[in-house]
$ cat structure.csv   # CSV, C-alpha atoms
chain,number,residue,atom,x,y,z
G,11,SER,CA,42.3,-68.7,114.6
G,12,VAL,CA,41.7,-65.4,116.6
G,13,GLU,CA,42.0,-67.3,119.9
G,14,ASN,CA,45.2,-69.0,118.8
G,15,CYS,CA,46.8,-65.8,117.6
G,16,ILE,CA,46.0,-64.0,120.8
G,17,CYS,CA,47.3,-66.9,122.9
G,18,ILE,CA,50.6,-66.7,120.9
G,19,LEU,CA,50.8,-62.9,121.5
G,20,HIS,CA,50.1,-63.6,125.2
G,21,ASN,CA,53.0,-66.0,125.4
G,22,LEU,CA,55.4,-63.8,123.5
G,23,SER,CA,54.7,-60.9,125.8
G,24,TYR,CA,55.8,-62.8,128.9
G,25,ARG,CA,58.7,-60.8,130.6
G,26,LEU,CA,58.9,-58.7,127.5
G,27,ASP,CA,60.3,-55.8,129.5
G,28,SER,CA,63.6,-57.6,129.7
G,29,GLU,CA,63.9,-57.9,125.9
G,30,VAL,CA,62.5,-54.7,124.6
G,31,PRO,CA,64.6,-52.2,122.7
G,32,ASN,CA,67.1,-50.0,124.5
G,33,LYS,CA,64.8,-47.0,124.9
G,34,TYR,CA,63.2,-48.7,127.9
G,35,THR,CA,66.2,-50.4,129.3
G,36,HIS,CA,68.2,-47.1,129.0
G,37,LEU,CA,65.6,-45.1,130.8
G,38,ASN,CA,65.3,-47.7,133.5
G,39,HIS,CA,69.1,-47.7,134.0
G,40,MET,CA,69.0,-43.9,134.3
G,41,ALA,CA,66.2,-44.2,136.9
G,42,ARG,CA,68.1,-46.8,139.0
G,43,GLY,CA,71.3,-44.8,138.9
G,44,THR,CA,69.6,-41.6,140.0
G,45,TYR,CA,66.7,-42.5,142.1
G,46,THR,CA,66.7,-46.1,143.4
G,47,ASP,CA,65.3,-46.3,146.9
G,48,LYS,CA,67.6,-48.5,149.0
G,49,THR,CA,64.7,-49.6,151.3
G,50,LEU,CA,63.0,-51.6,148.5
G,51,THR,CA,62.7,-55.3,149.1
G,52,GLY,CA,60.7,-57.7,147.0
G,53,CYS,CA,57.4,-56.6,145.5
G,54,PHE,CA,56.7,-54.3,148.4
G,55,ASN,CA,58.8,-51.8,150.4
G,56,ASN,CA,58.6,-50.4,153.9
G,57,ARG,CA,56.2,-47.6,154.7
G,58,GLY,CA,57.7,-44.2,153.7
G,59,GLY,CA,59.6,-45.7,150.8
G,60,LYS,CA,58.9,-44.5,147.3
G,61,MET,CA,57.7,-46.6,144.5
G,62,GLU,CA,60.5,-47.2,142.0
G,63,TYR,CA,60.1,-45.1,138.8
G,64,ASP,CA,56.6,-43.9,139.2
G,65,GLU,CA,57.4,-40.7,141.0
G,66,TYR,CA,60.3,-39.8,138.8
G,67,ASP,CA,60.1,-37.1,136.2
G,68,LEU,CA,61.6,-39.0,133.3
G,69,PRO,CA,60.3,-38.8,129.7
G,70,LEU,CA,58.5,-41.8,128.3
G,71,PRO,CA,59.9,-43.0,125.0
G,72,GLU,CA,58.0,-42.1,121.8
G,73,GLU,CA,56.1,-44.8,120.1
G,74,ASP,CA,57.5,-46.3,116.9
G,75,TYR,CA,55.7,-44.9,113.9
G,76,LYS,CA,56.4,-48.1,111.9
G,77,PRO,CA,56.9,-50.8,114.5
G,78,ARG,CA,58.9,-53.9,113.6
G,79,GLY,CA,59.6,-57.2,115.4
G,80,SER,CA,59.0,-57.2,119.1
G,81,SER,CA,57.8,-53.5,119.0
G,82,TRP,CA,54.5,-54.8,117.7
G,83,LEU,CA,53.9,-56.5,121.0
G,84,TYR,CA,53.6,-53.3,123.1
G,85,HIS,CA,52.5,-50.9,120.3
G,86,SER,CA,49.2,-49.0,120.9
G,87,ASP,CA,47.8,-50.9,117.9
G,88,ALA,CA,48.2,-54.2,119.9
G,89,ILE,CA,46.7,-52.6,123.0
G,90,ARG,CA,43.8,-51.4,121.0
G,91,THR,CA,43.3,-54.9,119.5
G,92,TYR,CA,43.2,-56.6,122.9
G,93,LEU,CA,40.7,-54.1,124.3
G,94,SER,CA,38.6,-54.3,121.1
G,95,LEU,CA,38.4,-58.1,121.4
G,96,MET,CA,37.6,-57.8,125.1
G,97,ASP,CA,34.6,-55.8,123.9
G,98,GLN,CA,33.5,-58.1,121.1
G,99,SER,CA,34.6,-61.7,121.8
G,100,LYS,CA,32.3,-64.2,123.4
G,101,LYS,CA,35.0,-66.8,123.9
G,102,ASP,CA,36.4,-67.0,127.5
G,103,ALA,CA,39.8,-68.3,126.2
G,104,THR,CA,40.2,-65.2,124.0
G,105,LEU,CA,39.2,-62.8,126.8
G,106,GLU,CA,41.6,-64.5,129.2
G,107,ALA,CA,44.4,-64.3,126.6
G,108,CYS,CA,43.8,-60.6,125.9
G,109,ALA,CA,43.8,-59.8,129.6
G,110,GLY,CA,46.8,-62.0,130.1
G,111,ALA,CA,48.8,-60.2,127.4
G,112,LEU,CA,48.0,-56.9,129.0
G,113,GLN,CA,48.9,-58.4,132.4
G,114,ASN,CA,52.3,-59.4,131.1
G,115,LEU,CA,52.9,-55.9,129.7
G,116,THR,CA,52.2,-54.3,133.0
G,117,ALA,CA,53.9,-56.9,135.2
G,118,SER,CA,57.3,-55.3,135.6
G,119,ARG,CA,58.2,-52.5,138.0
G,120,GLY,CA,59.9,-50.3,135.5
G,121,LEU,CA,58.9,-47.6,133.0
G,122,MET,CA,57.4,-50.1,130.6
G,123,SER,CA,54.7,-51.1,133.1
G,124,ASN,CA,54.0,-47.4,133.8
G,125,ALA,CA,53.7,-46.6,130.1
G,126,MET,CA,51.6,-49.6,129.3
G,127,SER,CA,49.3,-48.9,132.2
G,128,GLN,CA,48.8,-45.3,131.2
G,129,LEU,CA,48.2,-46.3,127.6
G,130,ILE,CA,45.6,-48.8,128.6
G,131,ALA,CA,43.8,-46.6,131.1
G,132,THR,CA,44.0,-43.1,129.6
G,133,LYS,CA,44.8,-43.1,125.9
G,134,GLU,CA,42.7,-46.2,125.0
G,135,LYS,CA,40.2,-45.8,127.9
G,136,GLY,CA,40.3,-49.5,128.6
G,137,LEU,CA,39.3,-49.6,132.3
G,138,PRO,CA,35.6,-50.2,131.8
G,139,ARG,CA,36.3,-53.2,129.5
G,140,ILE,CA,38.7,-54.7,132.0
G,141,ALA,CA,36.2,-54.1,134.8
G,142,ARG,CA,33.6,-56.1,132.9
G,143,LEU,CA,35.9,-59.1,133.1
G,144,LEU,CA,35.3,-59.2,136.8
G,145,GLN,CA,31.7,-60.0,136.2
G,146,SER,CA,32.5,-63.1,134.1
G,147,THR,CA,31.3,-66.5,135.3
G,148,ASN,CA,34.6,-68.0,134.2
G,149,ALA,CA,37.2,-67.9,137.0
G,150,GLU,CA,40.2,-67.8,134.7
G,151,VAL,CA,38.8,-64.6,133.0
G,152,VAL,CA,38.2,-63.0,136.4
G,153,ARG,CA,41.7,-64.0,137.6
G,154,SER,CA,43.3,-62.4,134.6
G,155,GLY,CA,41.2,-59.2,135.0
G,156,THR,CA,41.9,-58.8,138.7
G,157,SER,CA,45.7,-59.5,138.2
G,158,LEU,CA,45.8,-56.8,135.4
G,159,LEU,CA,44.0,-54.2,137.6
G,160,SER,CA,46.4,-55.1,140.5
G,161,ASN,CA,49.4,-54.4,138.3
G,162,MET,CA,48.0,-51.1,137.0
G,163,SER,CA,47.0,-49.9,140.5
G,164,ARG,CA,50.6,-49.8,141.6
G,165,HIS,CA,51.1,-46.6,139.6
G,166,PRO,CA,50.0,-43.5,141.6
G,167,ILE,CA,49.4,-41.5,138.5
G,168,LEU,CA,46.4,-43.7,137.7
G,169,HIS,CA,44.9,-43.9,141.1
G,170,LYS,CA,42.2,-41.2,140.6
G,171,THR,CA,41.1,-42.5,137.2
G,172,MET,CA,41.0,-46.1,138.4
G,173,ALA,CA,39.2,-45.3,141.6
G,174,HIS,CA,36.4,-43.7,139.6
G,175,GLN,CA,36.1,-46.5,137.1
G,176,VAL,CA,36.9,-49.8,138.8
G,177,LEU,CA,36.2,-49.4,142.5
G,178,PRO,CA,32.5,-50.6,142.3
G,179,ASP,CA,33.5,-53.8,140.4
G,180,VAL,CA,36.5,-54.6,142.7
G,181,THR,CA,34.6,-54.1,145.9
G,182,ARG,CA,31.6,-56.0,144.5
G,183,LEU,CA,34.0,-58.9,143.8
G,184,LEU,CA,35.4,-58.8,147.3
G,185,ALA,CA,32.0,-58.7,148.9
G,186,LEU,CA,30.5,-61.6,146.9
G,187,GLN,CA,33.2,-64.0,146.0
G,188,ALA,CA,32.8,-67.3,147.9
G,189,PRO,CA,35.6,-69.4,149.3
G,190,GLY,CA,36.3,-72.6,147.5
G,191,SER,CA,35.6,-71.3,144.1
G,192,SER,CA,38.2,-71.8,141.4
G,193,ASN,CA,41.2,-69.4,141.6
G,194,TYR,CA,39.6,-67.9,144.8
G,195,GLY,CA,43.0,-67.2,146.4
G,196,ASP,CA,44.5,-65.4,143.4
G,197,ILE,CA,41.4,-63.4,142.7
G,198,MET,CA,41.0,-62.2,146.2
G,199,SER,CA,44.7,-61.4,146.7
G,200,SER,CA,44.7,-59.2,143.6
G,201,ALA,CA,41.4,-57.6,144.5
G,202,CYS,CA,42.7,-56.8,148.0
G,203,TYR,CA,45.9,-55.2,146.7
G,204,THR,CA,44.0,-53.2,144.1
G,205,LEU,CA,41.5,-51.9,146.7
G,206,ARG,CA,44.4,-51.2,149.1
G,207,ASN,CA,46.2,-49.1,146.5
G,208,LEU,CA,43.1,-47.2,145.4
G,209,ILE,CA,41.2,-46.7,148.5
G,210,MET,CA,43.9,-44.8,150.4
G,211,SER,CA,44.3,-42.4,147.5
G,212,ASN,CA,40.8,-41.1,148.2
G,213,PRO,CA,39.3,-42.6,151.4
G,214,GLN,CA,36.2,-40.3,151.3
G,215,MET,CA,35.2,-41.6,147.9
G,216,ALA,CA,35.7,-45.2,148.9
G,217,LYS,CA,33.6,-45.1,152.0
G,218,PRO,CA,30.3,-46.0,150.3
G,219,TYR,CA,31.8,-49.2,148.9
G,220,LEU,CA,33.1,-50.5,152.2
G,221,THR,CA,30.0,-52.5,153.0
G,222,GLY,CA,29.6,-54.9,155.9
G,223,SER,CA,29.7,-57.9,153.6
G,224,LEU,CA,33.0,-56.7,152.1
G,225,ILE,CA,34.6,-56.2,155.5
G,226,ASN,CA,33.3,-59.6,156.7
G,227,ASN,CA,34.8,-61.3,153.6
G,228,VAL,CA,38.1,-59.6,154.1
G,229,VAL,CA,38.1,-60.6,157.8
G,230,GLY,CA,37.2,-64.1,156.7
G,231,LEU,CA,40.2,-64.1,154.4
G,232,CYS,CA,42.5,-63.2,157.3
G,233,ARG,CA,41.3,-66.2,159.3
G,234,ASN,CA,41.3,-68.7,156.4
G,235,GLY,CA,44.6,-70.6,156.4
G,236,SER,CA,43.8,-72.2,153.0
G,237,TYR,CA,44.8,-69.1,151.1
G,238,PRO,CA,48.0,-67.6,152.7
G,239,LYS,CA,48.7,-65.0,150.0
G,240,ALA,CA,45.2,-63.7,150.0
G,241,ALA,CA,45.2,-63.7,153.8
G,242,GLU,CA,48.4,-61.5,153.8
G,243,ALA,CA,46.8,-59.1,151.3
G,244,ALA,CA,43.6,-58.9,153.4
G,245,ARG,CA,45.7,-58.2,156.6
G,246,LEU,CA,47.5,-55.3,154.9
G,247,LEU,CA,44.2,-53.9,153.5
G,248,LEU,CA,42.6,-54.0,157.0
G,249,ALA,CA,45.6,-52.4,158.6
G,250,ASP,CA,45.4,-49.5,156.0
G,251,LEU,CA,41.7,-49.1,156.6
G,252,TRP,CA,42.3,-48.9,160.4
G,253,SER,CA,45.1,-46.4,160.0
G,254,ASN,CA,42.7,-43.8,158.4
G,255,ARG,CA,40.6,-42.0,161.0
G,256,GLU,CA,37.5,-41.7,158.9
G,257,LEU,CA,37.6,-45.4,157.8
G,258,GLN,CA,38.5,-46.5,161.4
G,259,SER,CA,35.4,-44.8,162.7
G,260,MET,CA,33.3,-46.7,160.1
G,261,LEU,CA,34.9,-50.0,161.2
G,262,LYS,CA,34.1,-49.2,164.8
G,263,GLN,CA,30.5,-48.7,163.9
G,264,GLN,CA,30.5,-52.2,162.4
G,265,GLY,CA,31.7,-53.6,165.7
G,266,TYR,CA,35.5,-53.8,165.3
G,267,ASP,CA,38.0,-52.5,167.8
G,268,LYS,CA,41.7,-52.2,168.2
G,269,ASN,CA,42.2,-55.5,169.9
G,270,MET,CA,40.2,-57.3,167.3
G,271,MET,CA,42.0,-55.6,164.4
G,272,GLY,CA,45.3,-56.3,166.0
G,273,SER,CA,44.6,-60.0,166.3
G,274,LEU,CA,43.5,-60.1,162.7
G,275,THR,CA,46.5,-58.2,161.3
G,276,GLY,CA,49.2,-59.6,163.6
G,277,SER,CA,52.2,-57.4,163.6
G,278,THR,CA,51.0,-55.4,160.6
G,279,PHE,CA,50.3,-52.2,162.7
G,280,ARG,CA,53.9,-52.2,163.8
G,281,ASN,CA,55.5,-52.9,160.5
G,282,LEU,CA,53.3,-51.9,157.6
G,283,SER,CA,54.4,-52.5,154.0
G,284,SER,CA,54.0,-49.9,151.3
G,285,ARG,CA,50.8,-50.1,149.3
G,286,PHE,CA,52.9,-50.4,146.2
$ encode --input "structure.csv" --output "structure tokens"
Amino acid sequence: SVENCICILHNLSYRLDSEVPNKYTHLNHMARGTYTDKTLTGCFNNRGGKMEYDEYDLPLPEEDYKPRGSSWLYHSDAIRTYLSLMDQSKKDATLEACAGALQNLTASRGLMSNAMSQLIATKEKGLPRIARLLQSTNAEVVRSGTSLLSNMSRHPILHKTMAHQVLPDVTRLLALQAPGSSNYGDIMSSACYTLRNLIMSNPQMAKPYLTGSLINNVVGLCRNGSYPKAAEAARLLLADLWSNRELQSMLKQQGYDKNMMGSLTGSTFRNLSSRF
């Protein structure tokens, strides 16, 4: 019954940001009217462009004291329930549904995603519980966990906190995940984007995690035509690593040079997308 209830909540939270009360849609409208960056295209924008909403000094709406209807779906009580079940449940389907519901709540690019991500990471201190999902033997659970972290990593306000708490698990996943496993492409794509967002916020702290096996796996992704989305994420990650002098020096020590990196990343050096 618990599993079924969580799966229902997971389904109901899909694209919830388009249906929530006016307090979110109103703030999003204000942000678009005042701050929208015209260079934004798709999920990522050109280097130098700002991430929509996250850098804007707009107040987040206060939480309903007595939630009703759809307000329950993104209330802190719901977030706390998902995280508590991720701690206690032994059923993979329940873990996947909990992570999936949180993934839905953080999937948009508006203020709701920002608020939900901050609620999960800071108020409810849920990052360690999410990171544990990456150690699961169930590929669906790992996929949901990495997708959730990828969504949350788009918000610069959380970069420092996330780098301290999830970098070891994300880099371990990138270093050890084997091609051909279930959901390999989705998992590696999300892991690359998460690492890309976090590592450049503090390259010095990230250096110990950039092992030879991790770099080799990322390079392998670039060359593997079976997973095009993961290959693109890997190319962008490699290009960002090479763009940082300290990390570039480390890559050179592992035998990589400009010509090799250029062949792996294609035109990435000439037209880098934003990390966000």
$ residues_around --input "structure.csv" --residues "Gly79 of chain G" --least-positions-apart "6" --cutoff "12 Å" --atoms "all atoms listed in the file" --output "list in words"
Leu22, Glu29, Val30, Pro31 and His85 of chain G
$ atom_distance --input "structure.csv" --atom1 "atom CA of Gly195 of chain G" --atom2 "atom CA of Ala240 of chain G"
5.5 Å
$ residues_around --input "structure.csv" --residues "Ser80 of chain G" --least-positions-apart "2" --cutoff "12 Å" --atoms "only C-alpha atoms" --output "ChimeraX atom specification"
/G:19,22-24,26-31,74,76-78,82-85,88
$ closest_residue --input "structure.csv" --among "G:Thr221, G:Ser192, G:Gln145, G:Thr132" --to "Lys170 of chain G" --atoms "all atoms listed in the file"
G:Thr132
$ residues_around --input "structure.csv" --residues "segment 242-253 of chain G" --least-positions-apart "5" --cutoff "6 Å" --atoms "all atoms listed in the file" --output "count of residues only"
7
$ residues_near_point --input "structure.csv" --point "(36.4, -47.8, 140.8)" --cutoff "10 Å" --atoms "all atoms listed in the file" --output "PyMOL selection string"
chain G and resi 137-138+141+169-181+204-205+208-209+215-216+219
$ atom_distance --input "structure.csv" --atom1 "atom CA of Glu150 of chain G" --atom2 "atom CA of Ala201 of chain G"
14.2 Å
$ closest_residue --input "structure.csv" --among "G:Glu134, G:Asn161, G:Leu144, G:Asp97" --to "Arg119 of chain G" --atoms "all atoms listed in the file"
G:Asn161
$ atom_distance --input "structure.csv" --atom1 "atom CA of Arg164 of chain G" --atom2 "atom CA of Gln98 of chain G"
28.0 Å
$ closest_residue --input "structure.csv" --among "G:Gln264, G:Ser191, G:Asn212, G:Asn207" --to "Asn226 of chain G" --atoms "all atoms listed in the file"
G:Gln264
$ closest_residue --input "structure.csv" --among "G:Asn21, G:Asn148, G:Asn124, G:Ser154" --to "Ile167 of chain G" --atoms "only C-alpha atoms"
G:Asn124
$ residues_around --input "structure.csv" --residues "Leu93 of chain G" --least-positions-apart "4" --cutoff "7 Å" --atoms "all atoms listed in the file" --output "list of chain:residue names"
G:Ile89, G:Asp97, G:Gly136, G:Arg139
$ write_last_selection --input "structure.csv" --atoms "C-alpha atoms" --output "compact mmCIF listing (two decimals), keeping the file's coordinate frame"
# COMPACT_ATOMS: atom_id res chain seq x y z
CA ILE G 89 46.70 -52.60 123.00
CA ASP G 97 34.60 -55.80 123.90
CA GLY G 136 40.30 -49.50 128.60
CA ARG G 139 36.30 -53.20 129.50
$ closest_residue --input "structure.csv" --among "G:Asp87, G:Ser157, G:Tyr75, G:His165" --to "Ala109 of chain G" --atoms "only C-alpha atoms"
G:Ser157
